[in-house]
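What follows is the content of structure.txt (compact mmCIF, C-alpha atoms).
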# COMPACT_ATOMS: atom_id res chain seq x y z
CA MET A 18 -36.99 12.66 -43.90
CA ASN A 19 -34.22 12.22 -41.41
CA PHE A 20 -35.19 8.60 -40.98
CA VAL A 21 -34.84 7.88 -44.70
CA VAL A 22 -31.41 9.54 -44.78
CA PHE A 23 -30.38 7.49 -41.77
CA ALA A 24 -31.57 4.31 -43.45
CA VAL A 25 -29.76 5.02 -46.73
CA GLU A 26 -26.65 6.02 -44.81
CA ALA A 27 -26.64 2.77 -42.87
CA ALA A 28 -27.41 0.52 -45.80
CA LEU A 29 -25.54 2.07 -48.68
CA ILE A 30 -23.42 5.15 -48.06
CA SER A 31 -21.54 3.65 -45.16
CA ASN A 32 -22.17 0.11 -46.28
CA ILE A 33 -20.63 -2.22 -43.75
CA ALA A 34 -18.93 -4.34 -46.39
CA LEU A 35 -17.68 -1.60 -48.68
CA SER A 36 -16.86 1.12 -46.13
CA TYR A 37 -16.07 -0.77 -42.96
CA PHE A 38 -14.81 -3.97 -44.62
CA LEU A 39 -17.01 -6.15 -42.42
CA GLY A 40 -18.39 -9.53 -43.34
CA LEU A 41 -15.87 -10.33 -46.06
CA SER A 42 -15.09 -13.86 -44.85
CA PRO A 43 -17.61 -15.52 -47.19
CA PHE A 44 -15.72 -14.16 -50.21
CA PRO A 45 -13.92 -17.36 -51.24
CA GLU A 46 -17.21 -19.25 -51.45
CA ILE A 47 -19.43 -16.45 -52.56
CA GLY A 48 -20.13 -17.31 -56.18
CA LYS A 49 -20.30 -21.06 -55.81
CA ASN A 50 -23.79 -21.21 -54.47
CA LYS A 51 -25.66 -17.96 -54.91
CA LYS A 52 -28.76 -19.26 -53.20
CA GLN A 53 -26.88 -20.38 -50.11
CA THR A 54 -25.02 -17.07 -49.93
CA CYS A 55 -28.25 -15.10 -50.06
CA ILE A 56 -29.96 -17.33 -47.49
CA GLY A 57 -26.97 -16.78 -45.25
CA ALA A 58 -27.19 -13.02 -45.71
CA LEU A 59 -30.92 -13.10 -44.96
CA ALA A 60 -30.23 -15.02 -41.77
CA MET A 61 -27.66 -12.35 -41.03
CA VAL A 62 -30.41 -9.70 -41.11
CA ILE A 63 -32.23 -11.48 -38.31
CA VAL A 64 -29.11 -12.09 -36.24
CA MET A 65 -27.89 -8.52 -36.72
CA THR A 66 -31.17 -6.88 -35.77
CA LEU A 67 -31.53 -9.11 -32.73
CA SER A 68 -27.93 -8.64 -31.65
CA SER A 69 -28.06 -4.88 -32.16
CA LEU A 70 -31.11 -4.72 -29.93
CA ILE A 71 -29.83 -6.97 -27.16
CA CYS A 72 -26.27 -5.63 -27.17
CA GLY A 73 -27.57 -2.06 -27.30
CA VAL A 74 -29.72 -2.63 -24.24
CA ILE A 75 -26.96 -4.45 -22.34
CA TYR A 76 -24.41 -1.76 -23.16
CA ARG A 77 -26.58 1.19 -22.27
CA TYR A 78 -28.36 -0.16 -19.23
CA ILE A 79 -25.88 -2.62 -17.73
CA LEU A 80 -22.30 -2.04 -18.82
CA VAL A 81 -22.20 1.75 -18.76
CA PRO A 82 -23.88 2.22 -15.36
CA ALA A 83 -21.72 -0.54 -13.90
CA ASN A 84 -18.58 1.09 -15.34
CA ALA A 85 -17.84 -2.22 -17.03
CA VAL A 86 -17.40 -0.95 -20.56
CA GLN A 87 -14.16 -2.97 -20.86
CA ALA A 88 -16.25 -6.13 -20.87
CA LYS A 89 -18.14 -5.13 -24.00
CA THR A 90 -16.11 -7.29 -26.38
CA VAL A 91 -16.65 -10.49 -24.44
CA VAL A 92 -20.29 -9.74 -23.65
CA PHE A 93 -21.13 -8.89 -27.27
CA VAL A 94 -19.42 -12.04 -28.53
CA VAL A 95 -21.43 -14.16 -26.09
CA VAL A 96 -24.70 -12.52 -27.14
CA ILE A 97 -23.93 -12.96 -30.83
CA LEU A 98 -22.93 -16.59 -30.34
CA ALA A 99 -26.20 -17.21 -28.51
CA ALA A 100 -28.29 -15.39 -31.12
CA SER A 101 -26.74 -17.21 -34.07
CA GLY A 102 -26.86 -20.53 -32.25
CA LEU A 103 -30.54 -20.00 -31.65
CA LEU A 104 -31.13 -19.11 -35.27
CA ALA A 105 -29.14 -22.10 -36.48
CA LEU A 106 -31.29 -24.35 -34.32
CA LEU A 107 -34.48 -22.87 -35.74
CA LEU A 108 -33.22 -22.97 -39.32
CA ARG A 109 -31.94 -26.51 -39.17
CA LYS A 110 -35.42 -27.90 -39.36
CA ARG A 111 -36.52 -25.73 -42.26
CA THR A 112 -33.66 -25.61 -44.70
CA ALA A 113 -32.00 -28.82 -45.73
CA ALA A 114 -29.75 -26.82 -48.03
CA LEU A 115 -27.72 -25.48 -45.12
CA GLU A 116 -25.32 -28.13 -43.90
CA GLU A 117 -25.56 -28.78 -40.23
CA GLY A 118 -23.30 -26.59 -38.18
CA LYS A 119 -22.18 -24.57 -41.17
CA PRO A 120 -24.39 -21.50 -40.75
CA PHE A 121 -23.51 -21.28 -37.11
CA PRO A 122 -19.81 -20.59 -37.51
CA ALA A 123 -20.43 -18.48 -40.58
CA LEU A 124 -22.90 -16.27 -38.78
CA ALA A 125 -21.34 -16.09 -35.35
CA VAL A 126 -17.78 -15.70 -36.46
CA ASN A 127 -18.55 -13.23 -39.18
CA THR A 128 -17.15 -9.79 -38.41
CA ALA A 129 -20.31 -8.17 -39.80
CA VAL A 130 -22.47 -8.68 -36.72
CA LEU A 131 -19.90 -7.78 -34.07
CA GLY A 132 -18.63 -4.92 -36.21
CA THR A 133 -22.09 -3.42 -36.60
CA VAL A 134 -22.72 -3.61 -32.85
CA LEU A 135 -19.38 -1.91 -32.21
CA VAL A 136 -20.25 0.87 -34.66
CA ILE A 137 -23.57 1.38 -32.87
CA VAL A 138 -21.77 1.68 -29.55
CA GLN A 139 -19.11 3.93 -31.03
CA ASN A 140 -21.71 6.30 -32.50
CA ASP A 141 -23.71 6.22 -29.27
CA TYR A 142 -27.05 5.51 -30.91
CA SER A 143 -30.15 5.10 -28.77
CA VAL A 144 -31.48 1.55 -28.47
CA LEU A 145 -34.18 2.23 -31.04
CA ASN A 146 -31.84 3.94 -33.52
CA GLY A 147 -29.22 1.30 -32.91
CA THR A 148 -31.56 -1.56 -33.67
CA PHE A 149 -32.80 0.18 -36.79
CA TYR A 150 -29.21 0.78 -37.81
CA GLY A 151 -28.42 -2.90 -37.34
CA PHE A 152 -31.38 -3.84 -39.50
CA MET A 153 -30.54 -1.41 -42.30
CA ALA A 154 -26.85 -2.29 -42.20
CA ALA A 155 -27.78 -5.93 -42.68
CA VAL A 156 -30.10 -5.05 -45.57
CA GLY A 157 -27.28 -3.08 -47.19
CA TYR A 158 -24.96 -6.01 -46.64
CA LEU A 159 -27.44 -8.37 -48.25
CA ILE A 160 -27.68 -6.09 -51.31
CA VAL A 161 -23.92 -5.88 -51.73
CA ILE A 162 -23.30 -9.57 -51.12
CA ALA A 163 -26.04 -10.52 -53.58
CA MET A 164 -24.44 -8.30 -56.22
CA LEU A 165 -20.92 -9.56 -55.55
CA SER A 166 -22.04 -13.16 -55.63
CA ALA A 167 -23.72 -12.58 -58.98
CA ILE A 168 -20.55 -10.90 -60.27
CA ASP A 169 -18.42 -13.78 -59.05
CA ASP A 170 -20.69 -16.20 -60.84
CA GLU A 171 -20.53 -14.17 -64.07
CA LEU A 172 -16.75 -13.95 -63.88
CA LYS A 173 -16.65 -17.67 -64.61
CA TYR A 174 -17.31 -16.75 -68.21
CA SER A 175 -14.74 -13.97 -68.37
CA ASP A 176 -11.09 -14.23 -69.23
CA VAL A 177 -9.75 -13.23 -65.83
CA PRO A 178 -5.92 -13.11 -65.67
CA LYS A 179 -4.73 -16.30 -63.99
CA SER A 180 -3.27 -14.59 -60.94
CA PHE A 181 -6.48 -12.74 -60.23
CA ARG A 182 -8.80 -15.72 -60.37
CA GLY A 183 -10.79 -16.36 -57.25
CA VAL A 184 -10.81 -13.72 -54.53
CA PRO A 185 -8.42 -11.07 -55.97
CA ILE A 186 -10.69 -10.19 -58.89
CA LEU A 187 -13.62 -10.12 -56.49
CA LEU A 188 -11.75 -7.59 -54.37
CA VAL A 189 -11.23 -5.46 -57.47
CA ALA A 190 -14.96 -5.70 -58.13
CA ALA A 191 -15.67 -4.67 -54.54
CA GLY A 192 -13.30 -1.73 -54.91
CA LEU A 193 -15.09 -0.57 -58.03
CA MET A 194 -18.39 -0.98 -56.24
CA ALA A 195 -17.04 1.10 -53.35
CA ILE A 196 -16.26 3.89 -55.80
CA ALA A 197 -19.73 3.61 -57.29
CA PHE A 198 -21.38 3.72 -53.88
CA HIS A 199 -19.56 6.97 -53.12
CA GLY A 200 -21.88 8.48 -55.68
CA ILE A 201 -24.87 7.55 -53.56
CA GLU A 202 -23.71 10.09 -51.02
CA VAL A 203 -25.63 12.61 -53.07
CA LEU A 204 -28.86 11.11 -51.66
CA GLY A 205 -27.73 12.09 -48.20
CA GLY A 206 -28.48 15.66 -49.16
CA MET B 12 7.19 -27.61 -37.24
CA SER B 13 9.56 -25.48 -39.29
CA LYS B 14 7.69 -26.42 -42.45
CA ARG B 15 4.52 -24.95 -41.01
CA PHE B 16 6.45 -21.89 -39.94
CA TRP B 17 7.81 -21.02 -43.37
CA LYS B 18 4.52 -21.87 -45.04
CA GLY B 19 2.72 -19.35 -42.87
CA ILE B 20 4.94 -16.56 -44.07
CA PHE B 21 4.84 -16.91 -47.85
CA GLU B 22 3.31 -20.00 -49.39
CA GLU B 23 0.23 -19.89 -47.19
CA ASN B 24 0.31 -16.26 -46.12
CA PRO B 25 -2.91 -15.81 -44.18
CA VAL B 26 -3.98 -12.58 -45.87
CA LEU B 27 -2.57 -12.74 -49.37
CA VAL B 28 -2.95 -16.46 -50.07
CA LEU B 29 -5.48 -17.92 -47.67
CA MET B 30 -7.60 -14.77 -47.81
CA LEU B 31 -8.08 -14.69 -44.04
CA GLY B 32 -8.15 -11.53 -41.99
CA LEU B 33 -9.38 -9.36 -44.84
CA CYS B 34 -11.22 -7.14 -42.38
CA PRO B 35 -8.15 -5.82 -40.52
CA ALA B 36 -6.08 -6.00 -43.71
CA LEU B 37 -8.40 -3.51 -45.35
CA GLY B 38 -9.54 -1.54 -42.34
CA THR B 39 -6.33 -0.77 -40.46
CA THR B 40 -3.90 -0.36 -43.34
CA ALA B 41 -4.47 3.26 -44.35
CA ALA B 42 -1.20 3.93 -42.53
CA VAL B 43 1.71 1.75 -41.46
CA LYS B 44 1.67 2.50 -37.73
CA PRO B 45 -1.85 1.23 -36.93
CA ALA B 46 -1.37 -1.67 -39.32
CA LEU B 47 1.73 -2.86 -37.49
CA ALA B 48 0.01 -2.40 -34.14
CA MET B 49 -2.95 -4.47 -35.30
CA GLY B 50 -0.70 -7.10 -36.85
CA ILE B 51 1.43 -7.53 -33.77
CA ALA B 52 -1.57 -7.64 -31.44
CA THR B 53 -3.24 -10.29 -33.60
CA ALA B 54 -0.04 -12.31 -33.86
CA VAL B 55 0.41 -12.35 -30.09
CA VAL B 56 -3.19 -13.40 -29.45
CA LEU B 57 -2.99 -15.96 -32.25
CA ILE B 58 0.05 -17.64 -30.70
CA ALA B 59 -1.55 -17.64 -27.27
CA VAL B 60 -4.91 -19.02 -28.40
CA GLU B 61 -3.48 -21.63 -30.75
CA LEU B 62 -1.14 -22.97 -28.08
CA VAL B 63 -3.75 -22.98 -25.31
CA MET B 64 -6.38 -24.64 -27.49
CA THR B 65 -3.85 -27.28 -28.54
CA LEU B 66 -3.19 -28.03 -24.89
CA LEU B 67 -6.93 -28.21 -24.28
CA SER B 68 -7.65 -30.23 -27.41
CA HIS B 69 -8.04 -33.45 -25.44
CA ALA B 70 -10.04 -31.96 -22.61
CA VAL B 71 -12.61 -30.07 -24.66
CA PRO B 72 -15.33 -32.03 -26.51
CA GLU B 73 -15.39 -31.67 -30.31
CA LYS B 74 -18.68 -29.77 -30.45
CA ALA B 75 -17.62 -27.18 -27.90
CA PHE B 76 -14.16 -26.63 -29.37
CA MET B 77 -14.92 -23.63 -31.58
CA VAL B 78 -17.12 -21.95 -28.99
CA VAL B 79 -14.36 -22.25 -26.37
CA SER B 80 -11.84 -20.89 -28.90
CA VAL B 81 -14.02 -17.88 -29.65
CA LEU B 82 -14.54 -17.15 -25.96
CA LEU B 83 -10.83 -17.45 -25.22
CA THR B 84 -10.00 -15.16 -28.13
CA ALA B 85 -12.59 -12.66 -26.95
CA VAL B 86 -11.11 -12.56 -23.45
CA LEU B 87 -7.57 -12.13 -24.75
CA THR B 88 -8.78 -9.43 -27.13
CA ALA B 89 -10.37 -7.55 -24.24
CA ILE B 90 -7.04 -7.74 -22.40
CA ALA B 91 -5.17 -6.55 -25.49
CA GLU B 92 -7.61 -3.64 -25.83
CA TYR B 93 -7.02 -2.66 -22.23
CA VAL B 94 -3.24 -2.86 -22.58
CA MET B 95 -3.32 -0.79 -25.73
CA ALA B 96 -5.68 1.80 -24.27
CA GLN B 97 -3.40 2.23 -21.27
CA ASN B 98 -0.09 2.37 -23.13
CA PHE B 99 -0.87 3.60 -26.63
CA PRO B 100 -4.11 5.57 -26.41
CA GLU B 101 -3.71 7.32 -29.79
CA LEU B 102 -3.17 3.99 -31.54
CA HIS B 103 -6.12 2.52 -29.68
CA GLU B 104 -8.25 5.43 -30.88
CA GLU B 105 -6.98 5.07 -34.44
CA LEU B 106 -7.73 1.35 -34.60
CA GLY B 107 -11.33 2.02 -33.57
CA ILE B 108 -13.61 -0.96 -34.04
CA TYR B 109 -10.96 -3.16 -35.64
CA LEU B 110 -9.13 -4.03 -32.44
CA PRO B 111 -12.20 -5.53 -30.71
CA LEU B 112 -12.99 -7.33 -33.96
CA MET B 113 -9.89 -9.42 -33.31
CA ALA B 114 -12.18 -11.40 -30.99
CA ILE B 115 -13.63 -13.20 -33.99
CA SER B 116 -10.67 -12.82 -36.27
CA SER B 117 -10.82 -15.33 -39.08
CA VAL B 118 -7.03 -15.63 -38.93
CA ILE B 119 -7.09 -16.82 -35.34
CA LEU B 120 -10.19 -18.99 -35.46
CA SER B 121 -9.39 -20.57 -38.79
CA ARG B 122 -5.87 -21.57 -37.75
CA VAL B 123 -7.09 -22.86 -34.39
CA SER B 124 -9.67 -24.96 -36.20
CA ALA B 125 -7.11 -26.27 -38.67
CA VAL B 126 -4.19 -27.00 -36.35
CA SER B 127 -5.12 -27.08 -32.67
CA LYS B 128 -7.42 -30.06 -32.99
CA SER B 129 -4.50 -32.27 -33.93
CA GLY B 130 -3.10 -31.77 -30.45
CA SER B 131 0.48 -31.33 -31.56
CA LEU B 132 2.18 -28.46 -29.71
CA ALA B 133 5.07 -28.34 -32.17
CA GLU B 134 2.69 -27.91 -35.12
CA ALA B 135 0.72 -25.26 -33.24
CA LEU B 136 3.86 -23.34 -32.34
CA GLY B 137 5.22 -23.44 -35.88
CA ASP B 138 1.90 -22.56 -37.42
CA SER B 139 1.01 -19.72 -35.06
CA LEU B 140 4.47 -18.14 -35.29
CA GLY B 141 4.54 -18.44 -39.06
CA MET B 142 1.00 -17.22 -39.57
CA GLY B 143 1.56 -14.42 -37.07
CA ILE B 144 4.68 -13.16 -38.80
CA GLY B 145 3.04 -13.65 -42.20
CA PHE B 146 0.07 -11.59 -41.06
CA VAL B 147 2.27 -8.74 -39.81
CA LEU B 148 4.27 -8.78 -43.05
CA ALA B 149 1.10 -8.75 -45.15
CA LEU B 150 -0.33 -5.83 -43.22
CA ALA B 151 3.01 -4.03 -43.44
CA ALA B 152 3.05 -4.52 -47.21
CA VAL B 153 -0.52 -3.35 -47.78
CA SER B 154 -0.18 -0.36 -45.45
CA SER B 155 3.16 0.64 -46.96
CA VAL B 156 1.66 0.82 -50.43
CA ARG B 157 -1.44 2.63 -49.18
CA GLU B 158 0.41 5.17 -47.05
CA LEU B 159 3.12 5.87 -49.63
CA LEU B 160 0.68 6.39 -52.47
CA GLY B 161 -2.17 7.81 -50.45
CA ALA B 162 -0.28 10.28 -48.29
CA GLY B 163 3.32 10.29 -49.45
CA THR B 164 4.51 9.27 -46.01
CA TRP B 165 5.73 6.06 -44.41
CA PHE B 166 5.17 5.57 -40.70
CA GLY B 167 4.33 9.25 -40.54
CA LEU B 168 7.59 10.39 -42.07
CA GLN B 169 7.52 12.27 -45.38
CA VAL B 170 9.10 10.01 -47.98
CA MET B 171 7.79 11.03 -51.36
CA PRO B 172 9.33 14.15 -52.96
CA GLU B 173 7.66 17.56 -52.68
CA GLY B 174 6.01 17.47 -56.08
CA PHE B 175 4.23 14.20 -55.38
CA GLN B 176 0.46 14.38 -55.54
CA PRO B 177 -0.97 11.77 -53.18
CA VAL B 178 -3.67 9.57 -54.66
CA ALA B 179 -6.42 9.93 -52.08
CA ALA B 180 -8.15 6.78 -53.28
CA PHE B 181 -5.46 4.70 -51.64
CA SER B 182 -6.23 6.06 -48.20
CA MET B 183 -9.87 5.19 -48.69
CA ALA B 184 -11.93 2.06 -49.19
CA PRO B 185 -11.44 1.47 -52.94
CA GLY B 186 -7.67 1.76 -52.62
CA ALA B 187 -7.71 -0.78 -49.84
CA PHE B 188 -9.52 -3.31 -52.01
CA PHE B 189 -7.27 -2.70 -55.01
CA THR B 190 -4.03 -2.88 -53.01
CA VAL B 191 -4.90 -6.20 -51.40
CA ALA B 192 -6.16 -7.55 -54.72
CA PHE B 193 -2.95 -6.67 -56.55
CA LEU B 194 -0.67 -7.91 -53.79
CA ALA B 195 -2.60 -11.18 -53.64
CA ALA B 196 -2.31 -11.50 -57.42
CA ALA B 197 1.44 -10.83 -57.15
CA MET B 198 1.73 -13.69 -54.64
CA ASN B 199 -0.15 -15.90 -57.09
CA VAL B 200 2.29 -15.05 -59.85
CA LYS B 201 5.16 -16.05 -57.59
CA ALA B 202 3.41 -19.25 -56.58
CA ARG B 203 2.68 -20.27 -60.16
CA ARG B 204 6.25 -19.53 -61.24
CA LYS B 205 7.56 -21.64 -58.39
CA ALA B 206 5.15 -24.44 -59.24
CA SER B 207 6.21 -24.49 -62.89
CA GLU B 208 9.87 -24.51 -61.83
CA THR B 209 9.35 -27.55 -59.63
CA ASP B 210 7.44 -29.20 -62.48
CA ARG B 211 10.32 -28.65 -64.83
CA GLU B 212 12.80 -29.97 -62.29
CA GLY B 213 10.80 -33.12 -61.98
CA GLU B 214 11.07 -33.91 -65.68

Would you mind writing the file out in structure tokens?
Amino acid sequence: MNFVVFAVEAALISNIALSYFLGLSPFPEIGKNKKQTCIGALAMVIVMTLSSLICGVIYRYILVPANAVQAKTVVFVVVILAASGLLALLLRKRTAALEEGKPFPALAVNTAVLGTVLVIVQNDYSVLNGTFYGFMAAVGYLIVIAMLSAIDDELKYSDVPKSFRGVPILLVAAGLMAIAFHGIEVLGG
Amino acid sequence: MSKRFWKGIFEENPVLVLMLGLCPALGTTAAVKPALAMGIATAVVLIAVELVMTLLSHAVPEKAFMVVSVLLTAVLTAIAEYVMAQNFPELHEELGIYLPLMAISSVILSRVSAVSKSGSLAEALGDSLGMGIGFVLALAAVSSVRELLGAGTWFGLQVMPEGFQPVAAFSMAPGAFFTVAFLAAAMNVKARRKASETDREGE
């Protein structure tokens, strides 16, 4: 039971996009190509889980014992760069839709991955819990991004006030979604 | 250089126009004090990274440019974290995960990518100063609205009258989204009015 609560908490209640404001950089492009956005978010699941695992291990078993906690930012960034670079290399052969080099910056430089790792460290999760958290957080992110990208696409047909067109109206949508997600807290028991 | 500078503050404000740095703009702006701290820290690192990468623009190969930028930013962020932890521990605590996130700040990396590659120090200086100040101003604006409406205070000092009922939503996530959205829309209104004025002048 606890494990389900943990999962829902990570994915929805404390959704990394709606509660921690992570991974919002794709917003300007989000509705233009729904498929690409979702592929990117799926790739993010892999990178996040991998990074959570590796960074969790490095933090707990190398940085803390060596009293080198200050180095965590640089070390985590290096790990995430490596993980997303690796994934970009593997993906390049399979998906022609992703322009070369584009997923790499989008994944590596996205605050979502580093942010999630930092949350794991901040909450002092065990390596296993931390990795699971990273996975669920990414799943939650994928859900929210998929919804927001669909909303952005639909907004094309709405009469959005001129000043709000583009990202501002999307932020309003995200805000409303944040309010809605507060209701999910009830599942946390 | 001065053109870049002024652009960075209003016309191309990194947060409210270019939509960069949304993460700190939403995450650190529940109150003015942490927002200003975050803004200033980012501005300082932005100036440093943009200038250094411009100087290195000829020495570093094209493909490695962004990776080197990210690593440099990460190192400077770690230094900034240390400085803040030593001198302003409560602020450091309050900023939480958002200060280390400066390492991959879209404000810094996007501007470096846009300007540093050209190799012009004057451009880089103008751009980084303008964008830095613009970023601080944007964060100040968002946090002012959020703190005033969400807690009735400004920079910790009680401002709103006794009878004022703070609107808790502003201190929380939804309020953050709405505040940035409305401020960005306000900037758009200004921009469109200015554009139509210049159109009319041209006739």

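Nearest residue to chain A among B:Leu160, B:Met95, B:Leu82, B:Ile119 is B:Leu82, counting all atoms listed in the file.
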
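Relative to atom CA of Val86 of chain A, atom CA of Leu41 of chain A is found at 27.2 Å.
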
**Request:** Check every residue of chain A for an atom within 10 Å of chain B, counting all atoms listed in the file, and provide those that qualify as a ChimeraX atom specification.
**Result:** /A:34-42,44-45,87-95,98,118,122,125-136,138-139,178-197,199

**Item:** Distance in Å - atom CA of Val178 of chain B versus atom CA of Phe99 of chain B
**Value:** 28.8 Å

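Ranking A:Ala99, A:Met65, A:Leu165, A:Ala105 by their shortest atom-to-atom distance to Lys51 of chain A, with all atoms listed in the file included, puts A:Leu165 first.
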
At a cut-off of 10 Å, using all atoms listed in the file, what residues contact Val55 of chain B? Leave out same-chain residues fewer than 2 positions from it and give the result as a PDB file with C-alpha atoms, in the coordinates of the input.
ATOM      1  CA  GLY B  50      -0.700  -7.100 -36.850  1.00  0.00           C
ATOM      2  CA  ILE B  51       1.430  -7.530 -33.770  1.00  0.00           C
ATOM      3  CA  ALA B  52      -1.570  -7.640 -31.440  1.00  0.00           C
ATOM      4  CA  THR B  53      -3.240 -10.290 -33.600  1.00  0.00           C
ATOM      5  CA  LEU B  57      -2.990 -15.960 -32.250  1.00  0.00           C
ATOM      6  CA  ILE B  58       0.050 -17.640 -30.700  1.00  0.00           C
ATOM      7  CA  ALA B  59      -1.550 -17.640 -27.270  1.00  0.00           C
ATOM      8  CA  VAL B  60      -4.910 -19.020 -28.400  1.00  0.00           C
ATOM      9  CA  LEU B  87      -7.570 -12.130 -24.750  1.00  0.00           C
ATOM     10  CA  ALA B  91      -5.170  -6.550 -25.490  1.00  0.00           C
ATOM     11  CA  SER B 139       1.010 -19.720 -35.060  1.00  0.00           C
ATOM     12  CA  LEU B 140       4.470 -18.140 -35.290  1.00  0.00           C
ATOM     13  CA  GLY B 143       1.560 -14.420 -37.070  1.00  0.00           C
ATOM     14  CA  ILE B 144       4.680 -13.160 -38.800  1.00  0.00           C
TER      15      ILE B 144
END

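Our summary of the geometry notes that atom CA of Val96 of chain A is positioned 18.7 Å from atom CA of Gly57 of chain A.
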
Selection: 8 Å around segment 146-160 of chain A, all atoms listed in the file, excl. self and same-chain fewer than 2 positions, as a PDB file with C-alpha atoms, in the frame of the given file:
ATOM      1  CA  PHE A  23     -30.380   7.490 -41.770  1.00  0.00           C
ATOM      2  CA  ALA A  24     -31.570   4.310 -43.450  1.00  0.00           C
ATOM      3  CA  VAL A  25     -29.760   5.020 -46.730  1.00  0.00           C
ATOM      4  CA  ALA A  27     -26.640   2.770 -42.870  1.00  0.00           C
ATOM      5  CA  ALA A  28     -27.410   0.520 -45.800  1.00  0.00           C
ATOM      6  CA  LEU A  29     -25.540   2.070 -48.680  1.00  0.00           C
ATOM      7  CA  ASN A  32     -22.170   0.110 -46.280  1.00  0.00           C
ATOM      8  CA  ILE A  33     -20.630  -2.220 -43.750  1.00  0.00           C
ATOM      9  CA  ALA A  34     -18.930  -4.340 -46.390  1.00  0.00           C
ATOM     10  CA  CYS A  55     -28.250 -15.100 -50.060  1.00  0.00           C
ATOM     11  CA  ALA A  58     -27.190 -13.020 -45.710  1.00  0.00           C
ATOM     12  CA  LEU A  59     -30.920 -13.100 -44.960  1.00  0.00           C
ATOM     13  CA  MET A  61     -27.660 -12.350 -41.030  1.00  0.00           C
ATOM     14  CA  VAL A  62     -30.410  -9.700 -41.110  1.00  0.00           C
ATOM     15  CA  ILE A  63     -32.230 -11.480 -38.310  1.00  0.00           C
ATOM     16  CA  MET A  65     -27.890  -8.520 -36.720  1.00  0.00           C
ATOM     17  CA  THR A  66     -31.170  -6.880 -35.770  1.00  0.00           C
ATOM     18  CA  LEU A  67     -31.530  -9.110 -32.730  1.00  0.00           C
ATOM     19  CA  SER A  69     -28.060  -4.880 -32.160  1.00  0.00           C
ATOM     20  CA  LEU A  70     -31.110  -4.720 -29.930  1.00  0.00           C
ATOM     21  CA  GLY A  73     -27.570  -2.060 -27.300  1.00  0.00           C
ATOM     22  CA  THR A 133     -22.090  -3.420 -36.600  1.00  0.00           C
ATOM     23  CA  VAL A 134     -22.720  -3.610 -32.850  1.00  0.00           C
ATOM     24  CA  ILE A 137     -23.570   1.380 -32.870  1.00  0.00           C
ATOM     25  CA  TYR A 142     -27.050   5.510 -30.910  1.00  0.00           C
ATOM     26  CA  SER A 143     -30.150   5.100 -28.770  1.00  0.00           C
ATOM     27  CA  VAL A 144     -31.480   1.550 -28.470  1.00  0.00           C
ATOM     28  CA  ILE A 162     -23.300  -9.570 -51.120  1.00  0.00           C
ATOM     29  CA  ALA A 163     -26.040 -10.520 -53.580  1.00  0.00           C
ATOM     30  CA  MET A 164     -24.440  -8.300 -56.220  1.00  0.00           C
TER      31      MET A 164
END

Take segment 173-184 of chain B, bring it up to N, CA and C atoms, and give me the output as an mmCIF file, in the coordinates of the input.
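Okay, this is what ended up in selection.cif:
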data_model
loop_
_atom_site.group_PDB
_atom_site.id
_atom_site.type_symbol
_atom_site.label_atom_id
_atom_site.label_comp_id
_atom_site.auth_asym_id
_atom_site.auth_seq_id
_atom_site.Cartn_x
_atom_site.Cartn_y
_atom_site.Cartn_z
ATOM 1 N N GLU B 173 8.605 16.441 -52.822
ATOM 2 C CA GLU B 173 7.660 17.560 -52.680
ATOM 3 C C GLU B 173 6.575 17.582 -53.737
ATOM 4 N N GLY B 174 6.963 17.330 -54.979
ATOM 5 C CA GLY B 174 6.010 17.470 -56.080
ATOM 6 C C GLY B 174 4.995 16.356 -56.161
ATOM 7 N N PHE B 175 5.103 15.379 -55.286
ATOM 8 C CA PHE B 175 4.230 14.200 -55.380
ATOM 9 C C PHE B 175 2.802 14.532 -54.972
ATOM 10 N N GLN B 176 1.867 14.181 -55.850
ATOM 11 C CA GLN B 176 0.460 14.380 -55.540
ATOM 12 C C GLN B 176 -0.112 13.082 -54.998
ATOM 13 N N PRO B 177 -0.450 13.034 -53.715
ATOM 14 C CA PRO B 177 -0.970 11.770 -53.180
ATOM 15 C C PRO B 177 -2.278 11.366 -53.850
ATOM 16 N N VAL B 178 -2.448 10.088 -54.047
ATOM 17 C CA VAL B 178 -3.670 9.570 -54.660
ATOM 18 C C VAL B 178 -4.612 9.192 -53.528
ATOM 19 N N ALA B 179 -5.550 10.107 -53.251
ATOM 20 C CA ALA B 179 -6.420 9.930 -52.080
ATOM 21 C C ALA B 179 -7.133 8.584 -52.057
ATOM 22 N N ALA B 180 -7.409 8.042 -53.218
ATOM 23 C CA ALA B 180 -8.150 6.780 -53.280
ATOM 24 C C ALA B 180 -7.485 5.689 -52.457
ATOM 25 N N PHE B 181 -6.151 5.754 -52.365
ATOM 26 C CA PHE B 181 -5.460 4.700 -51.640
ATOM 27 C C PHE B 181 -5.694 4.761 -50.143
ATOM 28 N N SER B 182 -5.965 5.967 -49.638
ATOM 29 C CA SER B 182 -6.230 6.060 -48.200
ATOM 30 C C SER B 182 -7.639 5.623 -47.882
ATOM 31 N N MET B 183 -8.477 5.515 -48.920
ATOM 32 C CA MET B 183 -9.870 5.190 -48.690
ATOM 33 C C MET B 183 -10.205 3.764 -49.112
ATOM 34 N N ALA B 184 -11.470 3.432 -48.956
ATOM 35 C CA ALA B 184 -11.930 2.060 -49.190
ATOM 36 C C ALA B 184 -11.512 1.444 -50.530
#
